[in-house]
Amino acid sequence: MQMRAWARAFVGGALSMLLACGASVAFDGETYRDAQVAFRVPRAPSEWRPVKVSDAKLAFRDDTRGASVLVTARCGIPSDDVPLQSLTGQLVMGTTEREYLTEEVITFDNREAMHTVLRAKLDGVKMSYDLYVMKKDGCVYDLVYVAPPEQMDGGKATFEAFCAGFRTLLVDPRGGT
């Protein structure tokens, strides 16, 4: 639940919580590996700069659009054994005046996932959100794009192309993938 609480804060723009990643983490620009999860993503667009954020596996900032991208993954948490819609709701907990534009179950990395696009206020500030939530092999993956509403259309297609290339990888318990 700690990661979900952080994700809500991040989605609201709490990028000030910059921390260094642990030594057992590897990311080569396309493949992320740690002791629990491994996944592949397309190379981030040049306008996204990487940032290190507590409890996020990957995070990027698109300064041109005032947007943030977050990829989280966690495994083996019993409280995550809830429907995708509930997991998605946890990401936007604390927001008000939600206007759902898209709420659909899609196939994502050969699994069902919830794709949600909405506008909402957090602390009175209007933001737009593009969210993907997937459960696979005992893990939950969240891919989040948040931007000011007037900037969302400019970055949404890039984010969705990034998400389309997301693939989980098997983790070898001896430390490899």
# chains A, B, ... in the order shown; residues from 1 in each chain; ligands from 1
>>> select_by_dssp(residues="range 53-168 of chain A", states="strand (DSSP E)", output="JSON, numbers by chain")
{"A": [58, 59, 60, 61, 62, 67, 68, 69, 70, 71, 72, 73, 74, 75, 96, 97, 98, 99, 100, 101, 102, 103, 104, 105, 106, 107, 108, 111, 112, 113, 114, 115, 116, 117, 118, 119, 120, 121, 122, 125, 126, 127, 128, 129, 130, 131, 132, 133, 134, 135, 136, 139, 140, 141, 142, 143, 144, 145, 146, 147, 167, 168]}
>>> residues_around(residues="Thr64 in chain A", least_positions_apart="2", cutoff="10 Å", atoms="only C-alpha atoms", output="PyMOL selection string")
chain A and resi 47-48+61-62+66-67+151+154-155
>>> closest_residue(among="A:Val71, A:Val51, A:Leu122, A:Val105", to="Gln85 in chain A", atoms="only C-alpha atoms")
A:Val105
>>> residues_around(residues="Thr158 in chain A", least_positions_apart="4", cutoff="12 Å", atoms="only C-alpha atoms", output="PyMOL selection string")
chain A and resi 42-48+62+65+67+69+130+145+152-154+162-165
>>> write_last_selection(atoms="N, CA and C atoms", output="PDB file, in the first residue's frame")
ATOM      1  N   PRO A  42      10.265   0.763 -24.590  1.00  0.00           N
ATOM      2  CA  PRO A  42      10.988   1.444 -25.663  1.00  0.00           C
ATOM      3  C   PRO A  42      11.898   2.522 -25.068  1.00  0.00           C
ATOM      4  N   ARG A  43      12.892   2.927 -25.805  1.00  0.00           N
ATOM      5  CA  ARG A  43      13.721   4.050 -25.347  1.00  0.00           C
ATOM      6  C   ARG A  43      12.818   5.263 -25.148  1.00  0.00           C
ATOM      7  N   ALA A  44      13.043   5.973 -24.073  1.00  0.00           N
ATOM      8  CA  ALA A  44      12.230   7.156 -23.782  1.00  0.00           C
ATOM      9  C   ALA A  44      12.494   8.226 -24.840  1.00  0.00           C
ATOM     10  N   PRO A  45      11.465   8.975 -25.214  1.00  0.00           N
ATOM     11  CA  PRO A  45      11.652  10.070 -26.169  1.00  0.00           C
ATOM     12  C   PRO A  45      12.660  11.092 -25.637  1.00  0.00           C
ATOM     13  N   SER A  46      13.307  11.796 -26.529  1.00  0.00           N
ATOM     14  CA  SER A  46      14.347  12.745 -26.127  1.00  0.00           C
ATOM     15  C   SER A  46      13.815  13.858 -25.224  1.00  0.00           C
ATOM     16  N   GLU A  47      12.539  14.180 -25.332  1.00  0.00           N
ATOM     17  CA  GLU A  47      11.992  15.256 -24.490  1.00  0.00           C
ATOM     18  C   GLU A  47      11.713  14.796 -23.051  1.00  0.00           C
ATOM     19  N   TRP A  48      11.808  13.511 -22.779  1.00  0.00           N
ATOM     20  CA  TRP A  48      11.639  12.993 -21.419  1.00  0.00           C
ATOM     21  C   TRP A  48      13.008  12.861 -20.770  1.00  0.00           C
ATOM     22  N   ASP A  62       8.748  15.476 -18.562  1.00  0.00           N
ATOM     23  CA  ASP A  62       8.678  16.169 -19.847  1.00  0.00           C
ATOM     24  C   ASP A  62       8.470  17.641 -19.513  1.00  0.00           C
ATOM     25  N   ARG A  65       6.106  20.030 -21.600  1.00  0.00           N
ATOM     26  CA  ARG A  65       4.655  19.941 -21.388  1.00  0.00           C
ATOM     27  C   ARG A  65       4.267  20.010 -19.905  1.00  0.00           C
ATOM     28  N   ALA A  67       4.771  17.689 -17.838  1.00  0.00           N
ATOM     29  CA  ALA A  67       4.191  16.361 -17.623  1.00  0.00           C
ATOM     30  C   ALA A  67       5.182  15.443 -16.927  1.00  0.00           C
ATOM     31  N   VAL A  69       5.941  11.102 -16.093  1.00  0.00           N
ATOM     32  CA  VAL A  69       5.689   9.710 -16.436  1.00  0.00           C
ATOM     33  C   VAL A  69       6.215   8.861 -15.283  1.00  0.00           C
ATOM     34  N   ASP A 130      -3.435   9.776 -17.799  1.00  0.00           N
ATOM     35  CA  ASP A 130      -3.545   8.614 -18.680  1.00  0.00           C
ATOM     36  C   ASP A 130      -2.907   7.471 -17.900  1.00  0.00           C
ATOM     37  N   TYR A 145       0.784   8.768 -16.890  1.00  0.00           N
ATOM     38  CA  TYR A 145       1.162  10.041 -17.519  1.00  0.00           C
ATOM     39  C   TYR A 145       0.244  11.095 -16.924  1.00  0.00           C
ATOM     40  N   MET A 152      -2.038  17.863 -22.382  1.00  0.00           N
ATOM     41  CA  MET A 152      -2.237  16.415 -22.476  1.00  0.00           C
ATOM     42  C   MET A 152      -2.194  15.913 -23.915  1.00  0.00           C
ATOM     43  N   ASP A 153      -2.909  16.565 -24.808  1.00  0.00           N
ATOM     44  CA  ASP A 153      -2.961  16.075 -26.188  1.00  0.00           C
ATOM     45  C   ASP A 153      -1.581  16.060 -26.841  1.00  0.00           C
ATOM     46  N   GLY A 154      -0.713  16.973 -26.470  1.00  0.00           N
ATOM     47  CA  GLY A 154       0.618  17.033 -27.053  1.00  0.00           C
ATOM     48  C   GLY A 154       1.523  15.883 -26.660  1.00  0.00           C
ATOM     49  N   PHE A 162       4.834   4.527 -25.914  1.00  0.00           N
ATOM     50  CA  PHE A 162       5.763   3.996 -24.913  1.00  0.00           C
ATOM     51  C   PHE A 162       5.125   2.798 -24.208  1.00  0.00           C
ATOM     52  N   CYS A 163       3.873   2.954 -23.799  1.00  0.00           N
ATOM     53  CA  CYS A 163       3.173   1.870 -23.107  1.00  0.00           C
ATOM     54  C   CYS A 163       2.966   0.660 -24.012  1.00  0.00           C
ATOM     55  N   ALA A 164       2.695   0.889 -25.283  1.00  0.00           N
ATOM     56  CA  ALA A 164       2.471  -0.215 -26.224  1.00  0.00           C
ATOM     57  C   ALA A 164       3.698  -1.110 -26.339  1.00  0.00           C
ATOM     58  N   GLY A 165       4.875  -0.573 -26.060  1.00  0.00           N
ATOM     59  CA  GLY A 165       6.099  -1.363 -26.126  1.00  0.00           C
ATOM     60  C   GLY A 165       6.498  -2.005 -24.808  1.00  0.00           C
TER      61      GLY A 165
END
>>> select_by_dssp(residues="chain A", states="helix (DSSP H, G or I)", output="PDB file with N, CA and C atoms, in the first residue's frame")
ATOM      1  N   GLN A   2       2.106   1.147   0.535  1.00  0.00           N
ATOM      2  CA  GLN A   2       2.983   2.310   0.569  1.00  0.00           C
ATOM      3  C   GLN A   2       3.222   2.843  -0.841  1.00  0.00           C
ATOM      4  N   MET A   3       3.444   1.962  -1.812  1.00  0.00           N
ATOM      5  CA  MET A   3       3.707   2.411  -3.170  1.00  0.00           C
ATOM      6  C   MET A   3       2.489   3.114  -3.738  1.00  0.00           C
ATOM      7  N   ARG A   4       1.311   2.601  -3.507  1.00  0.00           N
ATOM      8  CA  ARG A   4       0.100   3.245  -4.009  1.00  0.00           C
ATOM      9  C   ARG A   4      -0.033   4.642  -3.409  1.00  0.00           C
ATOM     10  N   ALA A   5       0.258   4.795  -2.120  1.00  0.00           N
ATOM     11  CA  ALA A   5       0.173   6.116  -1.502  1.00  0.00           C
ATOM     12  C   ALA A   5       1.175   7.055  -2.162  1.00  0.00           C
ATOM     13  N   TRP A   6       2.376   6.549  -2.437  1.00  0.00           N
ATOM     14  CA  TRP A   6       3.357   7.384  -3.108  1.00  0.00           C
ATOM     15  C   TRP A   6       2.902   7.721  -4.515  1.00  0.00           C
ATOM     16  N   ALA A   7       2.363   6.728  -5.209  1.00  0.00           N
ATOM     17  CA  ALA A   7       1.931   6.966  -6.593  1.00  0.00           C
ATOM     18  C   ALA A   7       0.897   8.085  -6.640  1.00  0.00           C
ATOM     19  N   ARG A   8      -0.017   8.094  -5.678  1.00  0.00           N
ATOM     20  CA  ARG A   8      -1.008   9.174  -5.642  1.00  0.00           C
ATOM     21  C   ARG A   8      -0.316  10.522  -5.487  1.00  0.00           C
ATOM     22  N   ALA A   9       0.678  10.586  -4.608  1.00  0.00           N
ATOM     23  CA  ALA A   9       1.389  11.842  -4.410  1.00  0.00           C
ATOM     24  C   ALA A   9       2.151  12.237  -5.670  1.00  0.00           C
ATOM     25  N   PHE A  10       2.780  11.255  -6.317  1.00  0.00           N
ATOM     26  CA  PHE A  10       3.519  11.544  -7.549  1.00  0.00           C
ATOM     27  C   PHE A  10       2.586  12.050  -8.623  1.00  0.00           C
ATOM     28  N   VAL A  11       1.454  11.369  -8.783  1.00  0.00           N
ATOM     29  CA  VAL A  11       0.506  11.766  -9.810  1.00  0.00           C
ATOM     30  C   VAL A  11       0.072  13.204  -9.582  1.00  0.00           C
ATOM     31  N   PRO A  78      -0.483  -8.965  -0.774  1.00  0.00           N
ATOM     32  CA  PRO A  78      -1.855  -9.504  -0.717  1.00  0.00           C
ATOM     33  C   PRO A  78      -2.947  -8.462  -0.951  1.00  0.00           C
ATOM     34  N   SER A  79      -2.753  -7.235  -0.498  1.00  0.00           N
ATOM     35  CA  SER A  79      -3.799  -6.213  -0.664  1.00  0.00           C
ATOM     36  C   SER A  79      -3.957  -5.787  -2.128  1.00  0.00           C
ATOM     37  N   ASP A  80      -3.046  -6.195  -3.003  1.00  0.00           N
ATOM     38  CA  ASP A  80      -3.173  -5.894  -4.432  1.00  0.00           C
ATOM     39  C   ASP A  80      -4.064  -6.901  -5.152  1.00  0.00           C
ATOM     40  N   LEU A  84      -8.926  -4.641 -11.159  1.00  0.00           N
ATOM     41  CA  LEU A  84      -8.158  -3.582 -11.807  1.00  0.00           C
ATOM     42  C   LEU A  84      -8.757  -2.203 -11.566  1.00  0.00           C
ATOM     43  N   GLN A  85     -10.074  -2.118 -11.571  1.00  0.00           N
ATOM     44  CA  GLN A  85     -10.735  -0.830 -11.351  1.00  0.00           C
ATOM     45  C   GLN A  85     -10.417  -0.283  -9.955  1.00  0.00           C
ATOM     46  N   SER A  86     -10.334  -1.169  -8.968  1.00  0.00           N
ATOM     47  CA  SER A  86      -9.979  -0.730  -7.611  1.00  0.00           C
ATOM     48  C   SER A  86      -8.536  -0.248  -7.547  1.00  0.00           C
ATOM     49  N   LEU A  87      -7.635  -0.965  -8.209  1.00  0.00           N
ATOM     50  CA  LEU A  87      -6.236  -0.539  -8.242  1.00  0.00           C
ATOM     51  C   LEU A  87      -6.095   0.819  -8.933  1.00  0.00           C
ATOM     52  N   THR A  88      -6.859   1.011  -9.999  1.00  0.00           N
ATOM     53  CA  THR A  88      -6.839   2.294 -10.698  1.00  0.00           C
ATOM     54  C   THR A  88      -7.369   3.397  -9.790  1.00  0.00           C
ATOM     55  N   GLY A  89      -8.443   3.116  -9.080  1.00  0.00           N
ATOM     56  CA  GLY A  89      -9.010   4.100  -8.163  1.00  0.00           C
ATOM     57  C   GLY A  89      -8.033   4.531  -7.086  1.00  0.00           C
ATOM     58  N   GLN A  90      -7.188   3.603  -6.653  1.00  0.00           N
ATOM     59  CA  GLN A  90      -6.185   3.961  -5.646  1.00  0.00           C
ATOM     60  C   GLN A  90      -5.187   4.987  -6.187  1.00  0.00           C
ATOM     61  N   LEU A  91      -4.914   4.936  -7.478  1.00  0.00           N
ATOM     62  CA  LEU A  91      -3.974   5.892  -8.070  1.00  0.00           C
ATOM     63  C   LEU A  91      -4.501   7.324  -8.048  1.00  0.00           C
ATOM     64  N   PRO A 149      -4.125  19.904 -18.319  1.00  0.00           N
ATOM     65  CA  PRO A 149      -5.094  19.563 -19.374  1.00  0.00           C
ATOM     66  C   PRO A 149      -4.759  20.146 -20.741  1.00  0.00           C
ATOM     67  N   GLU A 150      -4.253  21.363 -20.784  1.00  0.00           N
ATOM     68  CA  GLU A 150      -3.951  21.997 -22.072  1.00  0.00           C
ATOM     69  C   GLU A 150      -2.723  21.382 -22.745  1.00  0.00           C
ATOM     70  N   GLN A 151      -1.953  20.571 -22.029  1.00  0.00           N
ATOM     71  CA  GLN A 151      -0.757  19.932 -22.580  1.00  0.00           C
ATOM     72  C   GLN A 151      -0.941  18.439 -22.844  1.00  0.00           C
ATOM     73  N   MET A 152      -2.038  17.863 -22.382  1.00  0.00           N
ATOM     74  CA  MET A 152      -2.237  16.415 -22.476  1.00  0.00           C
ATOM     75  C   MET A 152      -2.194  15.913 -23.915  1.00  0.00           C
ATOM     76  N   ASP A 153      -2.909  16.565 -24.808  1.00  0.00           N
ATOM     77  CA  ASP A 153      -2.961  16.075 -26.188  1.00  0.00           C
ATOM     78  C   ASP A 153      -1.581  16.060 -26.841  1.00  0.00           C
ATOM     79  N   GLY A 154      -0.713  16.973 -26.470  1.00  0.00           N
ATOM     80  CA  GLY A 154       0.618  17.033 -27.053  1.00  0.00           C
ATOM     81  C   GLY A 154       1.523  15.883 -26.660  1.00  0.00           C
ATOM     82  N   GLY A 155       1.257  15.241 -25.523  1.00  0.00           N
ATOM     83  CA  GLY A 155       2.125  14.161 -25.055  1.00  0.00           C
ATOM     84  C   GLY A 155       1.476  12.800 -24.956  1.00  0.00           C
ATOM     85  N   LYS A 156       0.154  12.745 -25.083  1.00  0.00           N
ATOM     86  CA  LYS A 156      -0.586  11.494 -24.880  1.00  0.00           C
ATOM     87  C   LYS A 156      -0.182  10.411 -25.876  1.00  0.00           C
ATOM     88  N   ALA A 157      -0.054  10.744 -27.146  1.00  0.00           N
ATOM     89  CA  ALA A 157       0.287   9.734 -28.157  1.00  0.00           C
ATOM     90  C   ALA A 157       1.685   9.164 -27.910  1.00  0.00           C
ATOM     91  N   THR A 158       2.621  10.009 -27.500  1.00  0.00           N
ATOM     92  CA  THR A 158       3.973   9.550 -27.202  1.00  0.00           C
ATOM     93  C   THR A 158       3.958   8.595 -26.023  1.00  0.00           C
ATOM     94  N   PHE A 159       3.203   8.941 -24.981  1.00  0.00           N
ATOM     95  CA  PHE A 159       3.094   8.069 -23.815  1.00  0.00           C
ATOM     96  C   PHE A 159       2.448   6.739 -24.186  1.00  0.00           C
ATOM     97  N   GLU A 160       1.379   6.782 -24.952  1.00  0.00           N
ATOM     98  CA  GLU A 160       0.688   5.541 -25.311  1.00  0.00           C
ATOM     99  C   GLU A 160       1.563   4.649 -26.190  1.00  0.00           C
ATOM    100  N   ALA A 161       2.401   5.231 -27.050  1.00  0.00           N
ATOM    101  CA  ALA A 161       3.350   4.433 -27.835  1.00  0.00           C
ATOM    102  C   ALA A 161       4.394   3.791 -26.919  1.00  0.00           C
ATOM    103  N   PHE A 162       4.834   4.527 -25.914  1.00  0.00           N
ATOM    104  CA  PHE A 162       5.763   3.996 -24.913  1.00  0.00           C
ATOM    105  C   PHE A 162       5.125   2.798 -24.208  1.00  0.00           C
ATOM    106  N   CYS A 163       3.873   2.954 -23.799  1.00  0.00           N
ATOM    107  CA  CYS A 163       3.173   1.870 -23.107  1.00  0.00           C
ATOM    108  C   CYS A 163       2.966   0.660 -24.012  1.00  0.00           C
ATOM    109  N   ALA A 164       2.695   0.889 -25.283  1.00  0.00           N
ATOM    110  CA  ALA A 164       2.471  -0.215 -26.224  1.00  0.00           C
ATOM    111  C   ALA A 164       3.698  -1.110 -26.339  1.00  0.00           C
TER     112      ALA A 164
END
>>> residues_around(residues="range 21-35 of chain A", least_positions_apart="4", cutoff="12 Å", atoms="only C-alpha atoms", output="CSV table (one decimal) with C-alpha atoms, in the first residue's frame")
chain,number,residue,atom,x,y,z
A,39,PHE,CA,10.5,-5.4,-17.9
A,40,ARG,CA,11.4,-3.9,-21.2
A,41,VAL,CA,10.2,-0.5,-22.5
A,42,PRO,CA,11.0,1.4,-25.7
A,43,ARG,CA,13.7,4.0,-25.3
A,44,ALA,CA,12.2,7.2,-23.8
A,45,PRO,CA,11.7,10.1,-26.2
A,46,SER,CA,14.3,12.7,-26.1
A,48,TRP,CA,11.6,13.0,-21.4
A,49,ARG,CA,14.4,13.3,-18.9
A,50,PRO,CA,14.9,10.5,-16.4
A,51,VAL,CA,14.4,11.3,-12.7
A,52,LYS,CA,14.9,9.1,-9.7
A,53,VAL,CA,11.8,8.9,-7.5
A,54,SER,CA,11.1,7.0,-4.3
A,55,ASP,CA,9.2,3.7,-4.9
A,56,ALA,CA,9.1,4.2,-8.7
A,57,LYS,CA,10.9,1.8,-11.0
A,58,LEU,CA,11.2,4.4,-13.7
A,59,ALA,CA,10.2,8.1,-13.8
A,60,PHE,CA,10.6,10.8,-16.4
A,71,VAL,CA,6.3,3.2,-14.1
A,72,THR,CA,5.8,1.3,-10.9
A,73,ALA,CA,5.8,-2.5,-10.3
A,74,ARG,CA,5.5,-4.5,-7.1
A,75,CYS,CA,5.0,-8.2,-6.4
A,162,PHE,CA,5.8,4.0,-24.9
A,165,GLY,CA,6.1,-1.4,-26.1
A,166,PHE,CA,6.0,-2.4,-22.4
A,167,ARG,CA,6.8,-6.1,-21.9
A,168,THR,CA,7.3,-8.0,-18.6
A,169,LEU,CA,10.3,-10.4,-18.4
A,170,LEU,CA,10.8,-13.4,-16.3
A,171,VAL,CA,13.0,-12.9,-13.2
A,172,ASP,CA,15.5,-15.7,-12.4
A,173,PRO,CA,15.5,-16.1,-8.6
A,174,ARG,CA,19.3,-16.4,-8.8
A,175,GLY,CA,19.5,-12.8,-10.0
A,176,GLY,CA,19.2,-12.9,-13.8
A,177,THR,CA,16.3,-12.6,-16.2
>>> residues_around(residues="Met127 in chain A", least_positions_apart="3", cutoff="8 Å", atoms="only C-alpha atoms", output="list in words")
Arg119, Ala120, Lys121, Leu122, Val146, Ala147, Pro148 and Pro149 of chain A
>>> write_last_selection(atoms="N, CA and C atoms", output="mmCIF file, in the first residue's frame")
data_model
loop_
_atom_site.group_PDB
_atom_site.id
_atom_site.type_symbol
_atom_site.label_atom_id
_atom_site.label_comp_id
_atom_site.auth_asym_id
_atom_site.auth_seq_id
_atom_site.Cartn_x
_atom_site.Cartn_y
_atom_site.Cartn_z
ATOM 1 N N ARG A 119 -9.736 13.578 -16.256
ATOM 2 C CA ARG A 119 -9.350 14.885 -15.736
ATOM 3 C C ARG A 119 -9.831 14.933 -14.293
ATOM 4 N N ALA A 120 -9.025 15.537 -13.439
ATOM 5 C CA ALA A 120 -9.400 15.645 -12.032
ATOM 6 C C ALA A 120 -8.604 16.779 -11.407
ATOM 7 N N LYS A 121 -9.042 17.169 -10.232
ATOM 8 C CA LYS A 121 -8.315 18.180 -9.468
ATOM 9 C C LYS A 121 -7.633 17.512 -8.285
ATOM 10 N N LEU A 122 -6.417 17.955 -8.025
ATOM 11 C CA LEU A 122 -5.704 17.562 -6.820
ATOM 12 C C LEU A 122 -5.267 18.848 -6.141
ATOM 13 N N VAL A 146 0.822 12.161 -16.414
ATOM 14 C CA VAL A 146 0.023 13.248 -15.845
ATOM 15 C C VAL A 146 0.549 14.562 -16.392
ATOM 16 N N ALA A 147 -0.390 15.409 -16.836
ATOM 17 C CA ALA A 147 -0.025 16.687 -17.461
ATOM 18 C C ALA A 147 -1.138 17.691 -17.223
ATOM 19 N N PRO A 148 -0.818 18.968 -17.341
ATOM 20 C CA PRO A 148 -1.880 19.972 -17.324
ATOM 21 C C PRO A 148 -2.831 19.687 -18.490
ATOM 22 N N PRO A 149 -4.125 19.904 -18.319
ATOM 23 C CA PRO A 149 -5.094 19.563 -19.374
ATOM 24 C C PRO A 149 -4.759 20.146 -20.741
#
>>> decode(residues="range 126-144 of chain A", atoms="N, CA and C atoms", output="PDB file, in the first residue's frame")
ATOM      1  N   LYS A 126      -6.207  21.532 -11.675  1.00  0.00           N
ATOM      2  CA  LYS A 126      -6.712  20.639 -12.714  1.00  0.00           C
ATOM      3  C   LYS A 126      -5.548  19.939 -13.400  1.00  0.00           C
ATOM      4  N   MET A 127      -5.667  18.606 -13.540  1.00  0.00           N
ATOM      5  CA  MET A 127      -4.659  17.803 -14.225  1.00  0.00           C
ATOM      6  C   MET A 127      -5.375  16.760 -15.076  1.00  0.00           C
ATOM      7  N   SER A 128      -4.674  16.277 -16.095  1.00  0.00           N
ATOM      8  CA  SER A 128      -5.172  15.174 -16.920  1.00  0.00           C
ATOM      9  C   SER A 128      -4.283  13.969 -16.684  1.00  0.00           C
ATOM     10  N   TYR A 129      -4.886  12.793 -16.676  1.00  0.00           N
ATOM     11  CA  TYR A 129      -4.197  11.550 -16.353  1.00  0.00           C
ATOM     12  C   TYR A 129      -4.463  10.521 -17.442  1.00  0.00           C
ATOM     13  N   ASP A 130      -3.435   9.776 -17.799  1.00  0.00           N
ATOM     14  CA  ASP A 130      -3.545   8.614 -18.680  1.00  0.00           C
ATOM     15  C   ASP A 130      -2.907   7.471 -17.900  1.00  0.00           C
ATOM     16  N   LEU A 131      -3.690   6.463 -17.540  1.00  0.00           N
ATOM     17  CA  LEU A 131      -3.257   5.410 -16.626  1.00  0.00           C
ATOM     18  C   LEU A 131      -3.427   4.029 -17.243  1.00  0.00           C
ATOM     19  N   TYR A 132      -2.436   3.180 -17.063  1.00  0.00           N
ATOM     20  CA  TYR A 132      -2.530   1.760 -17.398  1.00  0.00           C
ATOM     21  C   TYR A 132      -2.216   0.984 -16.130  1.00  0.00           C
ATOM     22  N   VAL A 133      -3.075   0.025 -15.784  1.00  0.00           N
ATOM     23  CA  VAL A 133      -2.859  -0.813 -14.608  1.00  0.00           C
ATOM     24  C   VAL A 133      -3.028  -2.264 -15.044  1.00  0.00           C
ATOM     25  N   MET A 134      -2.008  -3.082 -14.737  1.00  0.00           N
ATOM     26  CA  MET A 134      -2.043  -4.488 -15.131  1.00  0.00           C
ATOM     27  C   MET A 134      -1.554  -5.351 -13.969  1.00  0.00           C
ATOM     28  N   LYS A 135      -2.193  -6.506 -13.808  1.00  0.00           N
ATOM     29  CA  LYS A 135      -1.728  -7.530 -12.871  1.00  0.00           C
ATOM     30  C   LYS A 135      -1.215  -8.696 -13.707  1.00  0.00           C
ATOM     31  N   LYS A 136      -0.002  -9.158 -13.371  1.00  0.00           N
ATOM     32  CA  LYS A 136       0.570 -10.276 -14.126  1.00  0.00           C
ATOM     33  C   LYS A 136       1.570 -11.021 -13.249  1.00  0.00           C
ATOM     34  N   ASP A 137       1.396 -12.329 -13.153  1.00  0.00           N
ATOM     35  CA  ASP A 137       2.337 -13.196 -12.435  1.00  0.00           C
ATOM     36  C   ASP A 137       2.604 -12.719 -11.006  1.00  0.00           C
ATOM     37  N   GLY A 138       1.546 -12.323 -10.294  1.00  0.00           N
ATOM     38  CA  GLY A 138       1.678 -11.912  -8.902  1.00  0.00           C
ATOM     39  C   GLY A 138       2.189 -10.494  -8.700  1.00  0.00           C
ATOM     40  N   CYS A 139       2.301  -9.735  -9.785  1.00  0.00           N
ATOM     41  CA  CYS A 139       2.797  -8.357  -9.698  1.00  0.00           C
ATOM     42  C   CYS A 139       1.746  -7.392 -10.246  1.00  0.00           C
ATOM     43  N   VAL A 140       1.817  -6.140  -9.813  1.00  0.00           N
ATOM     44  CA  VAL A 140       0.974  -5.073 -10.330  1.00  0.00           C
ATOM     45  C   VAL A 140       1.889  -4.035 -10.968  1.00  0.00           C
ATOM     46  N   TYR A 141       1.528  -3.637 -12.180  1.00  0.00           N
ATOM     47  CA  TYR A 141       2.283  -2.640 -12.935  1.00  0.00           C
ATOM     48  C   TYR A 141       1.372  -1.442 -13.182  1.00  0.00           C
ATOM     49  N   ASP A 142       1.881  -0.245 -12.874  1.00  0.00           N
ATOM     50  CA  ASP A 142       1.169   0.996 -13.149  1.00  0.00           C
ATOM     51  C   ASP A 142       2.040   1.827 -14.079  1.00  0.00           C
ATOM     52  N   LEU A 143       1.457   2.307 -15.166  1.00  0.00           N
ATOM     53  CA  LEU A 143       2.125   3.253 -16.055  1.00  0.00           C
ATOM     54  C   LEU A 143       1.245   4.493 -16.079  1.00  0.00           C
ATOM     55  N   VAL A 144       1.819   5.620 -15.712  1.00  0.00           N
ATOM     56  CA  VAL A 144       1.047   6.831 -15.474  1.00  0.00           C
ATOM     57  C   VAL A 144       1.650   8.001 -16.245  1.00  0.00           C
TER      58      VAL A 144
END
